[in-house]
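A.B. asks: File upload-v2.cif below, mmCIF, C-alpha atoms and all ligand atoms:
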data_model
#
loop_
_atom_site.label_atom_id
_atom_site.label_comp_id
_atom_site.auth_asym_id
_atom_site.auth_seq_id
_atom_site.Cartn_x
_atom_site.Cartn_y
_atom_site.Cartn_z
CA MET A 1 -14.03 14.55 -6.55
CA ASP A 2 -17.07 13.22 -4.74
CA PHE A 3 -16.14 11.19 -1.65
CA PHE A 4 -17.93 8.03 -2.85
CA ASP A 5 -16.33 8.29 -6.30
CA VAL A 6 -12.94 8.39 -4.59
CA VAL A 7 -13.74 5.34 -2.45
CA HIS A 8 -15.18 3.35 -5.35
CA THR A 9 -12.26 4.01 -7.67
CA GLN A 10 -9.32 3.80 -5.28
CA ARG A 11 -7.59 0.66 -6.43
CA SER A 12 -4.09 -0.73 -6.54
CA ILE A 13 -1.84 0.96 -9.08
CA ARG A 14 1.42 -0.84 -9.76
CA ARG A 15 2.79 0.90 -12.85
CA PHE A 16 3.93 4.49 -12.56
CA LYS A 17 5.03 7.28 -14.85
CA PRO A 18 8.41 8.75 -13.93
CA ASP A 19 6.82 12.21 -13.56
CA PRO A 20 7.58 13.80 -10.21
CA VAL A 21 4.78 14.11 -7.67
CA PRO A 22 4.18 17.71 -6.56
CA GLU A 23 5.26 18.20 -2.96
CA GLU A 24 1.96 19.89 -2.13
CA ALA A 25 0.08 16.75 -3.21
CA LEU A 26 2.21 14.71 -0.82
CA TRP A 27 1.51 17.13 2.04
CA LYS A 28 -2.22 16.84 1.32
CA MET A 29 -1.95 13.05 1.50
CA LEU A 30 -0.04 13.23 4.76
CA ASP A 31 -2.50 15.74 6.18
CA ALA A 32 -5.35 13.33 5.36
CA ALA A 33 -3.41 10.41 6.87
CA ILE A 34 -2.85 12.08 10.22
CA ARG A 35 -6.59 12.86 10.56
CA ALA A 36 -7.23 9.14 11.17
CA PRO A 37 -8.08 7.79 14.62
CA SER A 38 -5.48 6.00 16.74
CA GLY A 39 -5.63 4.35 20.16
CA SER A 40 -5.82 7.06 22.85
CA ASN A 41 -5.14 9.55 20.05
CA LEU A 42 -1.44 8.76 20.44
CA GLN A 43 -0.83 9.23 16.71
CA PRO A 44 1.99 6.69 16.95
CA TRP A 45 3.44 7.24 13.50
CA ILE A 46 6.23 8.66 11.42
CA TRP A 47 5.74 8.85 7.67
CA LEU A 48 9.01 8.29 5.89
CA VAL A 49 8.74 9.86 2.43
CA VAL A 50 11.42 8.61 0.07
CA ARG A 51 12.01 10.54 -3.14
CA ASP A 52 15.79 10.19 -3.34
CA GLN A 53 16.53 8.09 -6.41
CA THR A 54 19.69 6.51 -5.02
CA LYS A 55 17.83 5.34 -1.93
CA ARG A 56 14.91 4.03 -4.00
CA GLU A 57 17.42 2.12 -6.13
CA VAL A 58 18.97 0.56 -3.03
CA LEU A 59 15.53 -0.70 -1.97
CA ALA A 60 14.74 -1.90 -5.50
CA GLN A 61 18.02 -3.79 -5.78
CA THR A 62 17.44 -5.41 -2.40
CA VAL A 63 13.93 -6.52 -3.34
CA ARG A 64 15.16 -7.87 -6.68
CA ALA A 65 18.04 -9.73 -5.08
CA ARG A 66 15.90 -11.28 -2.36
CA PHE A 67 12.89 -12.09 -4.49
CA ASP A 68 14.78 -13.20 -7.57
CA SER A 69 17.43 -15.22 -5.77
CA GLY A 70 14.81 -17.58 -4.37
CA GLY A 71 13.03 -17.60 -7.74
CA ARG A 72 10.02 -15.98 -6.07
CA LEU A 73 9.27 -13.55 -8.89
CA GLU A 74 9.32 -16.35 -11.45
CA GLN A 75 7.12 -18.47 -9.20
CA MET A 76 4.65 -15.57 -8.91
CA ARG A 77 4.54 -15.24 -12.70
CA GLN A 78 4.06 -18.98 -13.19
CA ARG A 79 1.31 -19.05 -10.57
CA ALA A 80 -0.36 -16.12 -12.36
CA GLN A 81 -0.27 -17.85 -15.75
CA LYS A 82 -2.22 -20.78 -14.29
CA MET A 83 -5.00 -18.58 -12.92
CA GLU A 84 -8.38 -18.81 -14.58
CA ASP A 85 -9.64 -15.48 -13.29
CA ALA A 86 -8.20 -12.87 -15.67
CA SER A 87 -8.25 -10.04 -13.14
CA GLN A 88 -6.43 -12.18 -10.52
CA ARG A 89 -3.91 -13.14 -13.19
CA ARG A 90 -3.31 -9.49 -14.12
CA MET A 91 -3.02 -8.53 -10.47
CA LEU A 92 -0.33 -11.11 -9.73
CA LEU A 93 1.63 -10.34 -12.91
CA ARG A 94 1.57 -6.64 -12.12
CA ALA A 95 2.59 -7.31 -8.53
CA ALA A 96 5.58 -9.36 -9.82
CA ASP A 97 6.49 -6.60 -12.31
CA PHE A 98 6.36 -4.00 -9.57
CA PHE A 99 8.57 -6.10 -7.29
CA ALA A 100 11.02 -6.44 -10.18
CA ASN A 101 11.48 -2.65 -10.17
CA VAL A 102 10.22 -0.96 -7.05
CA ALA A 103 12.19 2.19 -7.91
CA GLN A 104 9.91 2.93 -10.89
CA ALA A 105 7.61 4.70 -8.41
CA PRO A 106 8.86 8.27 -8.00
CA VAL A 107 7.90 8.24 -4.31
CA LEU A 108 7.83 5.48 -1.71
CA ILE A 109 6.07 6.22 1.57
CA ILE A 110 7.03 4.00 4.49
CA PRO A 111 4.59 4.44 7.40
CA CYS A 112 6.20 3.46 10.70
CA LEU A 113 4.61 2.72 14.05
CA VAL A 114 6.50 4.60 16.73
CA GLY A 115 5.97 4.41 20.47
CA VAL A 116 2.60 2.70 20.27
CA THR A 117 1.10 1.87 23.69
CA SER A 118 -2.61 1.85 22.89
CA PRO A 119 -4.42 -0.44 22.30
CA THR A 120 -1.21 -2.46 22.86
CA ALA A 121 2.50 -1.82 23.29
CA ASP A 122 3.42 -4.78 21.08
CA ALA A 123 4.19 -2.84 17.91
CA ARG A 124 4.35 -6.02 15.85
CA SER A 125 0.86 -7.20 16.70
CA LEU A 126 -2.34 -7.05 14.71
CA LEU A 127 -3.85 -4.85 17.39
CA ALA A 128 -1.07 -2.27 17.06
CA GLY A 129 -1.79 -2.12 13.35
CA SER A 130 -5.26 -0.83 14.15
CA SER A 131 -3.59 2.42 15.23
CA ILE A 132 -2.04 3.08 11.83
CA TYR A 133 -3.64 1.20 8.93
CA GLY A 134 -6.69 3.46 8.97
CA ALA A 135 -4.32 6.36 8.44
CA VAL A 136 -2.66 4.49 5.57
CA GLN A 137 -6.07 4.15 3.91
CA ASN A 138 -6.67 7.91 4.33
CA LEU A 139 -3.29 8.49 2.67
CA MET A 140 -4.24 6.35 -0.32
CA LEU A 141 -7.70 7.89 -0.67
CA ALA A 142 -6.16 11.37 -0.66
CA ALA A 143 -3.77 10.22 -3.38
CA ARG A 144 -6.64 8.95 -5.53
CA ALA A 145 -8.56 12.22 -5.04
CA GLN A 146 -5.56 13.98 -6.60
CA GLY A 147 -5.20 11.58 -9.53
CA LEU A 148 -2.25 9.76 -7.93
CA GLY A 149 -1.93 5.99 -7.79
CA THR A 150 -0.83 3.91 -4.79
CA VAL A 151 -0.79 0.31 -3.62
CA LEU A 152 -0.46 -1.01 -0.09
CA THR A 153 2.45 -3.44 -0.17
CA THR A 154 3.94 -5.56 2.59
CA PHE A 155 7.41 -6.28 1.20
CA GLN A 156 8.86 -4.07 3.97
CA ALA A 157 8.98 -7.25 6.05
CA SER A 158 11.44 -8.85 3.60
CA ILE A 159 13.82 -5.88 3.61
CA GLU A 160 13.42 -4.50 7.13
CA ASP A 161 17.14 -4.83 7.92
CA VAL A 162 18.01 -2.66 4.90
CA LEU A 163 15.27 -0.12 5.73
CA ARG A 164 16.64 0.15 9.28
CA LYS A 165 20.19 0.72 8.05
CA GLU A 166 19.44 2.98 5.08
CA PHE A 167 17.05 5.30 6.90
CA HIS A 168 18.54 5.05 10.41
CA LEU A 169 15.29 3.81 11.96
CA PRO A 170 15.45 3.90 15.75
CA GLU A 171 14.81 0.66 17.61
CA GLY A 172 11.20 1.46 18.52
CA ALA A 173 10.13 2.28 14.95
CA VAL A 174 8.42 -0.51 13.01
CA PRO A 175 7.73 -0.10 9.28
CA VAL A 176 4.20 -1.40 8.68
CA CYS A 177 3.98 -1.33 4.87
CA ILE A 178 5.36 0.49 1.83
CA VAL A 179 3.10 2.67 -0.32
CA PRO A 180 4.49 3.66 -3.73
CA VAL A 181 3.02 6.87 -5.10
CA GLY A 182 2.93 8.20 -8.66
CA TYR A 183 0.82 8.94 -11.69
CA PRO A 184 -0.58 5.70 -13.18
CA ASP A 185 1.10 4.50 -16.37
CA GLY A 186 -1.45 2.71 -18.55
CA GLN A 187 -3.50 1.52 -15.59
CA ARG A 188 -6.93 2.92 -14.87
CA PHE A 189 -8.39 3.69 -11.50
CA GLY A 190 -11.39 1.55 -10.42
CA PRO A 191 -14.20 0.82 -10.11
CA THR A 192 -12.95 -1.86 -7.75
CA THR A 193 -14.31 -5.40 -7.85
CA ARG A 194 -15.60 -6.58 -4.48
CA LYS A 195 -18.21 -8.90 -3.03
CA PRO A 196 -21.34 -6.82 -2.43
CA PRO A 197 -22.09 -5.68 1.14
CA GLU A 198 -25.14 -8.00 1.29
CA ALA A 199 -22.82 -11.00 0.85
CA VAL A 200 -20.56 -10.07 3.75
CA THR A 201 -22.97 -8.55 6.30
CA HIS A 202 -24.85 -10.39 9.02
CA TRP A 203 -27.58 -8.53 10.87
CA ASP A 204 -28.12 -9.00 14.61
CA ASP A 205 -26.85 -12.59 14.54
CA TRP A 206 -24.05 -14.49 12.79
CA GLY A 207 -25.44 -15.95 9.59
CA ALA A 208 -28.54 -13.73 9.45
CA LEU A 209 -28.60 -12.20 5.99
CA LYS A 210 -30.75 -9.42 4.67
CA ALA A 211 -31.49 -8.30 1.13
CA ARG A 212 -30.88 -4.65 0.46
CA ALA A 213 -34.09 -2.62 0.32
C1 LIG A 301 -2.52 -6.18 3.84
C2 LIG A 301 -2.33 -5.99 2.36
C3 LIG A 301 -1.15 -6.40 1.78
C4 LIG A 301 -0.94 -6.21 0.41
N1 LIG A 301 0.27 -6.55 -0.12
C5 LIG A 301 0.51 -6.29 -1.41
C6 LIG A 301 1.81 -6.50 -1.94
O1 LIG A 301 2.76 -6.86 -1.23
N2 LIG A 301 2.00 -6.26 -3.27
C7 LIG A 301 0.99 -5.81 -4.07
O2 LIG A 301 1.23 -5.59 -5.26
N3 LIG A 301 -0.26 -5.60 -3.58
C8 LIG A 301 -0.52 -5.80 -2.28
N4 LIG A 301 -1.75 -5.51 -1.75
C9 LIG A 301 -2.83 -4.99 -2.62
C10 LIG A 301 -3.94 -6.04 -2.86
O3 LIG A 301 -3.46 -7.05 -3.71
C11 LIG A 301 -5.14 -5.33 -3.51
O4 LIG A 301 -5.63 -4.33 -2.64
C12 LIG A 301 -6.27 -6.30 -3.83
O5 LIG A 301 -5.84 -7.25 -4.78
C13 LIG A 301 -7.48 -5.57 -4.40
O6 LIG A 301 -7.15 -4.96 -5.61
P1 LIG A 301 -7.52 -3.45 -5.90
O7 LIG A 301 -6.91 -2.62 -4.79
O8 LIG A 301 -6.93 -3.13 -7.23
O9 LIG A 301 -9.01 -3.33 -5.91
C14 LIG A 301 -1.97 -5.65 -0.39
C15 LIG A 301 -3.16 -5.22 0.22
C16 LIG A 301 -3.32 -5.35 1.58
C17 LIG A 301 -4.57 -4.80 2.22
#
Starting from the file, give its structure as structure tokens.

C.D. replies:
Amino acid sequence: MDFFDVVHTQRSIRRFKPDPVPEEALWKMLDAAIRAPSGSNLQPWIWLVVRDQTKREVLAQTVRARFDSGGRLEQMRQRAQKMEDASQRRMLLRAADFFANVAQAPVLIIPCLVGVTSPTADARSLLAGSSIYGAVQNLMLAARAQGLGTVLTTFQASIEDVLRKEFHLPEGAVPVCIVPVGYPDGQRFGPTTRKPPEAVTHWDDWGALKARA
């Protein structure tokens, strides 16, 4: 696939077929991920690849219990129903459906920051994230290029205690997101909907806009 076609059509996929993901495809994704820059080239990451169904079920049950017990999934669905923008409504409904069964994705990748010291040693800061989220994007683009769907999710924060216990994370490892991977089920890849670059670019001074030639 052409690079720009990959970038323009890499969008969040939240419904997955149960079909297994070939291991070679996962290695290609990981090999693309680790090509990304990081502060001082420390490459402060471990990529936890979870295929084991029992472990995925443990995570799914935890998410369901924590999200459902506070009525959060129902609140998400109700908030979605009130949305005027159809694509926003679909997005939120799909996000709620995915949270209701995280284990439907045949693979969950949990990128972890490990031993980060550049540009900061505070692994839980925004700045530390700059040493790994670029790699996460590479991972997702490499998935798209192979016909695989992903979505960057941040529910790891709600289940970090269970992640630590289930996968024996050492103290210094911080999960930064969870990326489900699988073949899309009834959901198409992009094109993505975004504000155009002209609307979000200022040239030489804040507020100075320029039409595209
Ligand atoms: C920091 C961040 C956190 C996100 N968290 C979630 C999440 O927890 N659950 C989810 O379904 N999508 C999540 N997303 C995906 C966004 O909702 C999605 O990228 C955005 O709506 C654009 O949609 P598209 O990727 O389909 O173009 C997250 C994306 C980012 C960058």

A.B. asks: Between A:Leu42, A:Ala135, A:Val162, A:Leu127, which is the closest to Lys55 of chain A once you count all atoms listed in the file?

C.D. replies: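 The answer is A:Val162, which sits nearest to Lys55 of chain A.
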
A.B. asks: For the atom pair atom CA of Ala121 of chain A and atom CA of Trp45 of chain A, what is the interatomic distance in Å to one decimal place?

C.D. replies: 13.4 Å

A.B. asks: Using all atoms listed in the file, find the one residue out of A:Phe155, A:Tyr183, A:Phe167, A:Trp203 that sits nearest to ligand LIG 301 (chain A).

C.D. replies: A:Phe155

A.B. asks: Box for segment 93-103 of chain A - axis-aligned, 8 Å on each of the six sides, all listed atoms - centre and size in Å to one decimal, as lines of an AutoDock Vina configuration file.

C.D. replies:
center_x = 6.9
center_y = -4.1
center_z = -10.0
size_x = 26.6
size_y = 28.5
size_z = 21.9

A.B. asks: Listing only residues of chain A within 7 Å of ligand LIG 301 (chain A), what is the closest atom pair and its distance in Å (to one decimal) for each, using all atoms listed in the file, sorted by chain and residue number ascending, as JSON lines?

C.D. replies:
{"residue": "A:Gln10", "atom": "CA", "partner": "A:LIG301", "partner_atom": "O7", "distance": 6.9}
{"residue": "A:Arg11", "atom": "CA", "partner": "A:LIG301", "partner_atom": "O7", "distance": 3.7}
{"residue": "A:Ser12", "atom": "CA", "partner": "A:LIG301", "partner_atom": "O8", "distance": 3.8}
{"residue": "A:Ile13", "atom": "CA", "partner": "A:LIG301", "partner_atom": "O8", "distance": 6.8}
{"residue": "A:Arg14", "atom": "CA", "partner": "A:LIG301", "partner_atom": "O2", "distance": 6.5}
{"residue": "A:Met91", "atom": "CA", "partner": "A:LIG301", "partner_atom": "O5", "distance": 6.5}
{"residue": "A:Arg94", "atom": "CA", "partner": "A:LIG301", "partner_atom": "O2", "distance": 6.9}
{"residue": "A:Ala95", "atom": "CA", "partner": "A:LIG301", "partner_atom": "O2", "distance": 3.9}
{"residue": "A:Phe98", "atom": "CA", "partner": "A:LIG301", "partner_atom": "O2", "distance": 6.9}
{"residue": "A:Val151", "atom": "CA", "partner": "A:LIG301", "partner_atom": "C9", "distance": 5.8}
{"residue": "A:Leu152", "atom": "CA", "partner": "A:LIG301", "partner_atom": "C14", "distance": 4.9}
{"residue": "A:Thr153", "atom": "CA", "partner": "A:LIG301", "partner_atom": "C6", "distance": 3.6}
{"residue": "A:Thr154", "atom": "CA", "partner": "A:LIG301", "partner_atom": "O1", "distance": 4.2}
{"residue": "A:Phe155", "atom": "CA", "partner": "A:LIG301", "partner_atom": "O1", "distance": 5.3}
{"residue": "A:Thr192", "atom": "CA", "partner": "A:LIG301", "partner_atom": "O9", "distance": 4.6}
{"residue": "A:Thr193", "atom": "CA", "partner": "A:LIG301", "partner_atom": "O9", "distance": 6.0}

A.B. asks: Can you work out the spacing between atom CA of Ala105 of chain A and atom CA of Ala32 of chain A in Å, to one decimal?

C.D. replies: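 We find that atom CA of Ala105 of chain A and atom CA of Ala32 of chain A lie 20.8 Å from each other.
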
A.B. asks: From the list A:Phe67, A:Phe16, A:Tyr133, A:Phe3, which residue is nearest Ile178 of chain A when using all atoms listed in the file?

C.D. replies: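 Closest to Ile178 of chain A, using all atoms listed in the file: A:Tyr133.
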
A.B. asks: Could you add the missing atoms to segment 64-90 of chain A, up to N, CA and C atoms, and return them as a PDB file, in the coordinates of the input?

C.D. replies:
ATOM      1  N   ARG A  64      14.846  -6.995  -5.534  1.00  0.00           N
ATOM      2  CA  ARG A  64      15.160  -7.870  -6.680  1.00  0.00           C
ATOM      3  C   ARG A  64      16.054  -9.027  -6.237  1.00  0.00           C
ATOM      4  N   ALA A  65      17.089  -8.687  -5.493  1.00  0.00           N
ATOM      5  CA  ALA A  65      18.040  -9.730  -5.080  1.00  0.00           C
ATOM      6  C   ALA A  65      17.337 -10.774  -4.218  1.00  0.00           C
ATOM      7  N   ARG A  66      16.521 -10.308  -3.292  1.00  0.00           N
ATOM      8  CA  ARG A  66      15.900 -11.280  -2.360  1.00  0.00           C
ATOM      9  C   ARG A  66      14.758 -12.060  -2.990  1.00  0.00           C
ATOM     10  N   PHE A  67      14.013 -11.404  -3.864  1.00  0.00           N
ATOM     11  CA  PHE A  67      12.890 -12.090  -4.490  1.00  0.00           C
ATOM     12  C   PHE A  67      13.346 -12.967  -5.642  1.00  0.00           C
ATOM     13  N   ASP A  68      14.330 -12.447  -6.408  1.00  0.00           N
ATOM     14  CA  ASP A  68      14.780 -13.200  -7.570  1.00  0.00           C
ATOM     15  C   ASP A  68      15.659 -14.374  -7.182  1.00  0.00           C
ATOM     16  N   SER A  69      16.472 -14.169  -6.128  1.00  0.00           N
ATOM     17  CA  SER A  69      17.430 -15.220  -5.770  1.00  0.00           C
ATOM     18  C   SER A  69      16.702 -16.512  -5.390  1.00  0.00           C
ATOM     19  N   GLY A  70      15.561 -16.369  -4.714  1.00  0.00           N
ATOM     20  CA  GLY A  70      14.810 -17.580  -4.370  1.00  0.00           C
ATOM     21  C   GLY A  70      13.857 -17.976  -5.491  1.00  0.00           C
ATOM     22  N   GLY A  71      13.927 -17.289  -6.622  1.00  0.00           N
ATOM     23  CA  GLY A  71      13.030 -17.600  -7.740  1.00  0.00           C
ATOM     24  C   GLY A  71      11.587 -17.193  -7.457  1.00  0.00           C
ATOM     25  N   ARG A  72      11.398 -16.303  -6.461  1.00  0.00           N
ATOM     26  CA  ARG A  72      10.020 -15.980  -6.070  1.00  0.00           C
ATOM     27  C   ARG A  72       9.255 -15.213  -7.136  1.00  0.00           C
ATOM     28  N   LEU A  73       9.974 -14.323  -7.847  1.00  0.00           N
ATOM     29  CA  LEU A  73       9.270 -13.550  -8.890  1.00  0.00           C
ATOM     30  C   LEU A  73       8.799 -14.479 -10.006  1.00  0.00           C
ATOM     31  N   GLU A  74       9.684 -15.411 -10.386  1.00  0.00           N
ATOM     32  CA  GLU A  74       9.320 -16.350 -11.450  1.00  0.00           C
ATOM     33  C   GLU A  74       8.168 -17.237 -10.990  1.00  0.00           C
ATOM     34  N   GLN A  75       8.216 -17.641  -9.730  1.00  0.00           N
ATOM     35  CA  GLN A  75       7.120 -18.470  -9.200  1.00  0.00           C
ATOM     36  C   GLN A  75       5.792 -17.700  -9.234  1.00  0.00           C
ATOM     37  N   MET A  76       5.870 -16.401  -8.879  1.00  0.00           N
ATOM     38  CA  MET A  76       4.650 -15.570  -8.910  1.00  0.00           C
ATOM     39  C   MET A  76       4.077 -15.525 -10.327  1.00  0.00           C
ATOM     40  N   ARG A  77       4.991 -15.337 -11.299  1.00  0.00           N
ATOM     41  CA  ARG A  77       4.540 -15.240 -12.700  1.00  0.00           C
ATOM     42  C   ARG A  77       3.939 -16.558 -13.166  1.00  0.00           C
ATOM     43  N   GLN A  78       4.583 -17.664 -12.763  1.00  0.00           N
ATOM     44  CA  GLN A  78       4.060 -18.980 -13.190  1.00  0.00           C
ATOM     45  C   GLN A  78       2.695 -19.250 -12.547  1.00  0.00           C
ATOM     46  N   ARG A  79       2.588 -18.846 -11.272  1.00  0.00           N
ATOM     47  CA  ARG A  79       1.310 -19.050 -10.570  1.00  0.00           C
ATOM     48  C   ARG A  79       0.222 -18.209 -11.266  1.00  0.00           C
ATOM     49  N   ALA A  80       0.608 -17.008 -11.688  1.00  0.00           N
ATOM     50  CA  ALA A  80      -0.360 -16.120 -12.360  1.00  0.00           C
ATOM     51  C   ALA A  80      -0.846 -16.750 -13.668  1.00  0.00           C
ATOM     52  N   GLN A  81       0.101 -17.303 -14.437  1.00  0.00           N
ATOM     53  CA  GLN A  81      -0.270 -17.850 -15.750  1.00  0.00           C
ATOM     54  C   GLN A  81      -1.291 -18.981 -15.636  1.00  0.00           C
ATOM     55  N   LYS A  82      -1.293 -19.646 -14.465  1.00  0.00           N
ATOM     56  CA  LYS A  82      -2.220 -20.780 -14.290  1.00  0.00           C
ATOM     57  C   LYS A  82      -3.587 -20.322 -13.806  1.00  0.00           C
ATOM     58  N   MET A  83      -3.732 -19.042 -13.508  1.00  0.00           N
ATOM     59  CA  MET A  83      -5.000 -18.580 -12.920  1.00  0.00           C
ATOM     60  C   MET A  83      -6.086 -18.431 -13.969  1.00  0.00           C
ATOM     61  N   GLU A  84      -7.258 -18.905 -13.632  1.00  0.00           N
ATOM     62  CA  GLU A  84      -8.380 -18.810 -14.580  1.00  0.00           C
ATOM     63  C   GLU A  84      -8.966 -17.412 -14.588  1.00  0.00           C
ATOM     64  N   ASP A  85      -9.050 -16.812 -13.413  1.00  0.00           N
ATOM     65  CA  ASP A  85      -9.640 -15.480 -13.290  1.00  0.00           C
ATOM     66  C   ASP A  85      -8.672 -14.445 -13.873  1.00  0.00           C
ATOM     67  N   ALA A  86      -9.102 -13.778 -14.949  1.00  0.00           N
ATOM     68  CA  ALA A  86      -8.200 -12.870 -15.670  1.00  0.00           C
ATOM     69  C   ALA A  86      -7.750 -11.705 -14.791  1.00  0.00           C
ATOM     70  N   SER A  87      -8.640 -11.207 -13.941  1.00  0.00           N
ATOM     71  CA  SER A  87      -8.250 -10.040 -13.140  1.00  0.00           C
ATOM     72  C   SER A  87      -7.248 -10.447 -12.052  1.00  0.00           C
ATOM     73  N   GLN A  88      -7.400 -11.659 -11.490  1.00  0.00           N
ATOM     74  CA  GLN A  88      -6.430 -12.180 -10.520  1.00  0.00           C
ATOM     75  C   GLN A  88      -5.071 -12.375 -11.192  1.00  0.00           C
ATOM     76  N   ARG A  89      -5.147 -12.895 -12.433  1.00  0.00           N
ATOM     77  CA  ARG A  89      -3.910 -13.140 -13.190  1.00  0.00           C
ATOM     78  C   ARG A  89      -3.158 -11.830 -13.427  1.00  0.00           C
ATOM     79  N   ARG A  90      -3.926 -10.816 -13.867  1.00  0.00           N
ATOM     80  CA  ARG A  90      -3.310  -9.490 -14.120  1.00  0.00           C
ATOM     81  C   ARG A  90      -2.713  -8.932 -12.839  1.00  0.00           C
TER      82      ARG A  90
END
